[in-house]
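Student: Data file work.cif (mmCIF, C-alpha atoms) is appended below.
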data_structure
#
loop_
_atom_site.label_atom_id
_atom_site.label_comp_id
_atom_site.auth_asym_id
_atom_site.auth_seq_id
_atom_site.Cartn_x
_atom_site.Cartn_y
_atom_site.Cartn_z
CA MET A 1 1.72 -8.40 3.87
CA ASN A 2 5.20 -6.98 3.96
CA GLY A 3 7.26 -8.52 1.16
CA THR A 4 4.23 -9.87 -0.71
CA ASP A 5 4.11 -9.48 -4.50
CA TRP A 6 1.63 -7.12 -6.23
CA GLU A 7 -0.41 -9.97 -7.81
CA THR A 8 -1.13 -11.50 -4.40
CA ILE A 9 -2.09 -8.09 -3.00
CA GLY A 10 -4.35 -7.41 -6.01
CA ALA A 11 -6.11 -10.76 -5.59
CA ALA A 12 -6.63 -10.09 -1.86
CA LEU A 13 -8.17 -6.68 -2.62
CA ALA A 14 -10.35 -7.79 -5.56
CA GLY A 15 -14.10 -7.62 -5.16
CA ARG A 16 -14.14 -4.31 -3.27
CA ARG A 17 -13.47 -6.01 0.05
CA ARG A 18 -12.79 -3.74 2.99
CA SER A 19 -9.08 -3.48 3.60
CA CYS A 20 -6.53 -1.64 5.67
CA VAL A 21 -3.52 -0.16 3.90
CA VAL A 22 -0.57 1.46 5.66
CA PRO A 23 1.32 3.41 2.98
CA GLN A 24 3.99 4.83 5.27
CA TYR A 25 5.28 3.15 8.40
CA ARG A 26 9.01 3.92 8.50
CA ASP A 27 10.70 7.10 9.62
CA MET A 28 12.30 8.73 6.56
CA GLY A 29 15.51 9.58 8.39
CA THR A 30 16.19 6.48 10.46
CA LYS A 31 14.23 3.89 8.41
CA ALA A 32 12.97 2.50 11.72
CA PHE A 33 9.35 1.40 12.20
CA ASP A 34 7.30 4.27 13.62
CA PRO A 35 3.98 3.08 15.12
CA LEU A 36 2.58 6.61 15.40
CA LEU A 37 3.30 7.31 11.71
CA ALA A 38 1.73 3.96 10.77
CA ALA A 39 -1.41 4.83 12.74
CA ARG A 40 -1.64 8.30 11.17
CA SER A 41 -1.22 7.07 7.60
CA ALA A 42 -3.42 3.94 7.80
CA LEU A 43 -6.45 3.87 5.50
CA TYR A 44 -9.48 1.63 5.97
CA GLY A 45 -11.81 1.30 3.03
CA TYR A 46 -12.51 -0.16 -0.39
CA PRO A 47 -10.02 -0.37 -3.26
CA THR A 48 -11.23 1.58 -6.30
CA GLN A 49 -8.04 1.05 -8.33
CA LEU A 50 -6.18 -2.23 -7.83
CA PRO A 51 -2.40 -2.20 -7.54
CA THR A 52 -0.33 -1.66 -10.65
CA SER A 53 3.40 -1.98 -10.97
CA GLU A 54 5.85 -0.47 -13.39
CA ASN A 55 9.49 -1.38 -13.75
CA ILE A 56 11.42 1.90 -13.65
CA SER A 57 14.96 0.56 -13.80
CA ARG A 58 16.11 -3.01 -13.10
CA GLN A 59 15.22 -3.64 -9.44
CA TYR A 60 13.29 -0.35 -8.96
CA PHE A 61 9.53 -0.45 -9.30
CA SER A 62 6.74 2.06 -8.94
CA GLY A 63 3.13 1.26 -8.17
CA TYR A 64 -0.25 2.85 -7.76
CA MET A 65 -3.49 1.98 -5.99
CA GLU A 66 -6.52 4.01 -5.01
CA PHE A 67 -8.77 3.68 -1.95
CA GLU A 68 -12.15 5.06 -0.94
CA GLU A 69 -11.86 5.61 2.80
CA VAL A 70 -14.59 4.38 5.14
CA SER A 71 -14.97 6.07 8.52
#
Produce structure tokens that represent the structure in this file.
Tutor:
Amino acid sequence: MNGTDWETIGAALAGRRRSCVVPQYRDMGTKAFDPLLAARSALYGYPTQLPTSENISRQYFSGYMEFEEVS
């Protein structure tokens, strides 16, 4: 869902549906996609806190969501 807005993501996660979230998938130095990092950081579970968004400064936003991981 790369590039999708927070409202669409929130609607997709509503109802405690199982989901997979990949919070970090780019190398910090090169900004290139890193499949090993994506695999290590992926979470599979239920959302317990739906996404929020906060406008920090013009085009910069911050957000928060919480997951209960399922193994």
Student: Which residue is closest to Leu50 in chain A? Choose from A:Pro35, A:Glu66, A:Gly29, A:Thr4 and count only C-alpha atoms.
Tutor: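 That would be A:Glu66, the residue with the smallest distance to Leu50 in chain A.
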Student: Run the PyMOL selection byres ((chain A and resi 24) around 7) on the file and write out the hits as a PyMOL selection string.
Tutor: chain A and resi 22-23+25-26+37-38+41
Student: Identify, on the basis of only C-alpha atoms, every residue whose closest approach to Glu69 in chain A does not exceed 12 Å; exclude the query and any residue fewer than 5 positions from it along the same chain; express the result as number ranges by chain.
Tutor: A: 16, 18-21, 41-48
Student: Given the choices A:Asp5, A:Asp34, A:Ala11, A:Arg17, which gets closest to Val70 in chain A if the distance is worked out from all atoms listed in the file?
Tutor: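 For Val70 in chain A, the nearest of the given residues is A:Arg17.
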Student: Which distance in Å separates CA of Glu7 in chain A and CA of Thr52 in chain A, to one decimal?
Tutor: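 Going from CA of Glu7 in chain A over to CA of Thr52 in chain A covers 8.8 Å.
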Student: Let me make sure I understand: among A:Pro51, A:Leu36, A:Ile9, A:Gly15, which one has the smallest atom-to-atom distance to Gly63 in chain A if we use only C-alpha atoms?
Tutor: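 Going through A:Pro51, A:Leu36, A:Ile9, A:Gly15 one by one, the smallest distance to Gly63 in chain A is for A:Pro51.
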Student: One number please: CA of Gln49 in chain A to CA of Tyr64 in chain A, in Å, one decimal.
Tutor: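 Atom-to-atom, CA of Gln49 in chain A and CA of Tyr64 in chain A are spaced 8.0 Å apart.
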Student: Taking into account only C-alpha atoms, which residue in the set A:Met28, A:Trp6, A:Phe33, A:Leu13 is nearest to Phe67 in chain A?
Tutor: A:Leu13
Student: To one decimal place, how far is CA of Ala39 in chain A from CA of Asn55 in chain A in Å?
Tutor: 29.3 Å
Student: With N, CA, C and O atoms as the goal, would you fill in the gaps in range 3-24 of chain A and present it as a PDB file, keeping the file's coordinate frame?
Tutor:
ATOM      1  N   GLY A   3       6.497  -7.615   2.000  1.00  0.00           N
ATOM      2  CA  GLY A   3       7.260  -8.520   1.160  1.00  0.00           C
ATOM      3  C   GLY A   3       6.424  -9.340   0.199  1.00  0.00           C
ATOM      4  O   GLY A   3       6.945 -10.145  -0.545  1.00  0.00           O
ATOM      5  N   THR A   4       5.113  -9.130   0.174  1.00  0.00           N
ATOM      6  CA  THR A   4       4.230  -9.870  -0.710  1.00  0.00           C
ATOM      7  C   THR A   4       4.209  -9.220  -2.086  1.00  0.00           C
ATOM      8  O   THR A   4       4.251  -8.006  -2.202  1.00  0.00           O
ATOM      9  N   ASP A   5       4.108 -10.035  -3.141  1.00  0.00           N
ATOM     10  CA  ASP A   5       4.110  -9.480  -4.500  1.00  0.00           C
ATOM     11  C   ASP A   5       2.779  -8.795  -4.824  1.00  0.00           C
ATOM     12  O   ASP A   5       1.758  -9.038  -4.186  1.00  0.00           O
ATOM     13  N   TRP A   6       2.798  -7.922  -5.844  1.00  0.00           N
ATOM     14  CA  TRP A   6       1.630  -7.120  -6.230  1.00  0.00           C
ATOM     15  C   TRP A   6       0.452  -7.980  -6.667  1.00  0.00           C
ATOM     16  O   TRP A   6      -0.696  -7.634  -6.428  1.00  0.00           O
ATOM     17  N   GLU A   7       0.691  -9.112  -7.351  1.00  0.00           N
ATOM     18  CA  GLU A   7      -0.410  -9.970  -7.810  1.00  0.00           C
ATOM     19  C   GLU A   7      -1.181 -10.548  -6.631  1.00  0.00           C
ATOM     20  O   GLU A   7      -2.404 -10.609  -6.652  1.00  0.00           O
ATOM     21  N   THR A   8      -0.477 -10.957  -5.593  1.00  0.00           N
ATOM     22  CA  THR A   8      -1.130 -11.500  -4.400  1.00  0.00           C
ATOM     23  C   THR A   8      -1.939 -10.410  -3.695  1.00  0.00           C
ATOM     24  O   THR A   8      -3.061 -10.643  -3.243  1.00  0.00           O
ATOM     25  N   ILE A   9      -1.378  -9.219  -3.620  1.00  0.00           N
ATOM     26  CA  ILE A   9      -2.090  -8.090  -3.000  1.00  0.00           C
ATOM     27  C   ILE A   9      -3.335  -7.754  -3.818  1.00  0.00           C
ATOM     28  O   ILE A   9      -4.414  -7.553  -3.273  1.00  0.00           O
ATOM     29  N   GLY A  10      -3.205  -7.695  -5.138  1.00  0.00           N
ATOM     30  CA  GLY A  10      -4.350  -7.410  -6.010  1.00  0.00           C
ATOM     31  C   GLY A  10      -5.459  -8.429  -5.843  1.00  0.00           C
ATOM     32  O   GLY A  10      -6.635  -8.074  -5.782  1.00  0.00           O
ATOM     33  N   ALA A  11      -5.108  -9.709  -5.767  1.00  0.00           N
ATOM     34  CA  ALA A  11      -6.110 -10.760  -5.590  1.00  0.00           C
ATOM     35  C   ALA A  11      -6.803 -10.630  -4.229  1.00  0.00           C
ATOM     36  O   ALA A  11      -8.011 -10.840  -4.117  1.00  0.00           O
ATOM     37  N   ALA A  12      -6.044 -10.257  -3.199  1.00  0.00           N
ATOM     38  CA  ALA A  12      -6.630 -10.090  -1.860  1.00  0.00           C
ATOM     39  C   ALA A  12      -7.592  -8.906  -1.814  1.00  0.00           C
ATOM     40  O   ALA A  12      -8.565  -8.925  -1.064  1.00  0.00           O
ATOM     41  N   LEU A  13      -7.338  -7.882  -2.630  1.00  0.00           N
ATOM     42  CA  LEU A  13      -8.170  -6.680  -2.620  1.00  0.00           C
ATOM     43  C   LEU A  13      -9.325  -6.745  -3.618  1.00  0.00           C
ATOM     44  O   LEU A  13     -10.219  -5.900  -3.576  1.00  0.00           O
ATOM     45  N   ALA A  14      -9.320  -7.703  -4.518  1.00  0.00           N
ATOM     46  CA  ALA A  14     -10.350  -7.790  -5.560  1.00  0.00           C
ATOM     47  C   ALA A  14     -11.733  -7.952  -4.930  1.00  0.00           C
ATOM     48  O   ALA A  14     -11.888  -8.494  -3.851  1.00  0.00           O
ATOM     49  N   GLY A  15     -12.732  -7.475  -5.638  1.00  0.00           N
ATOM     50  CA  GLY A  15     -14.100  -7.620  -5.160  1.00  0.00           C
ATOM     51  C   GLY A  15     -14.527  -6.545  -4.184  1.00  0.00           C
ATOM     52  O   GLY A  15     -15.490  -6.731  -3.468  1.00  0.00           O
ATOM     53  N   ARG A  16     -13.821  -5.435  -4.156  1.00  0.00           N
ATOM     54  CA  ARG A  16     -14.140  -4.310  -3.270  1.00  0.00           C
ATOM     55  C   ARG A  16     -14.304  -4.749  -1.815  1.00  0.00           C
ATOM     56  O   ARG A  16     -15.203  -4.302  -1.103  1.00  0.00           O
ATOM     57  N   ARG A  17     -13.438  -5.619  -1.352  1.00  0.00           N
ATOM     58  CA  ARG A  17     -13.470  -6.010   0.050  1.00  0.00           C
ATOM     59  C   ARG A  17     -12.853  -4.919   0.901  1.00  0.00           C
ATOM     60  O   ARG A  17     -11.904  -4.265   0.492  1.00  0.00           O
ATOM     61  N   ARG A  18     -13.379  -4.729   2.089  1.00  0.00           N
ATOM     62  CA  ARG A  18     -12.790  -3.740   2.990  1.00  0.00           C
ATOM     63  C   ARG A  18     -11.375  -4.167   3.345  1.00  0.00           C
ATOM     64  O   ARG A  18     -11.104  -5.336   3.577  1.00  0.00           O
ATOM     65  N   SER A  19     -10.496  -3.202   3.379  1.00  0.00           N
ATOM     66  CA  SER A  19      -9.080  -3.480   3.600  1.00  0.00           C
ATOM     67  C   SER A  19      -8.458  -2.361   4.401  1.00  0.00           C
ATOM     68  O   SER A  19      -8.987  -1.257   4.471  1.00  0.00           O
ATOM     69  N   CYS A  20      -7.327  -2.657   4.991  1.00  0.00           N
ATOM     70  CA  CYS A  20      -6.530  -1.640   5.670  1.00  0.00           C
ATOM     71  C   CYS A  20      -5.179  -1.575   4.976  1.00  0.00           C
ATOM     72  O   CYS A  20      -4.518  -2.593   4.807  1.00  0.00           O
ATOM     73  N   VAL A  21      -4.791  -0.379   4.572  1.00  0.00           N
ATOM     74  CA  VAL A  21      -3.520  -0.160   3.900  1.00  0.00           C
ATOM     75  C   VAL A  21      -2.727   0.841   4.715  1.00  0.00           C
ATOM     76  O   VAL A  21      -3.259   1.860   5.156  1.00  0.00           O
ATOM     77  N   VAL A  22      -1.460   0.556   4.931  1.00  0.00           N
ATOM     78  CA  VAL A  22      -0.570   1.460   5.660  1.00  0.00           C
ATOM     79  C   VAL A  22       0.539   1.871   4.692  1.00  0.00           C
ATOM     80  O   VAL A  22       1.532   1.174   4.547  1.00  0.00           O
ATOM     81  N   PRO A  23       0.353   3.015   4.009  1.00  0.00           N
ATOM     82  CA  PRO A  23       1.320   3.410   2.980  1.00  0.00           C
ATOM     83  C   PRO A  23       2.665   3.873   3.515  1.00  0.00           C
ATOM     84  O   PRO A  23       3.668   3.770   2.819  1.00  0.00           O
ATOM     85  N   GLN A  24       2.705   4.376   4.719  1.00  0.00           N
ATOM     86  CA  GLN A  24       3.990   4.830   5.270  1.00  0.00           C
ATOM     87  C   GLN A  24       4.074   4.412   6.729  1.00  0.00           C
ATOM     88  O   GLN A  24       3.227   4.746   7.545  1.00  0.00           O
TER      89      GLN A  24
END
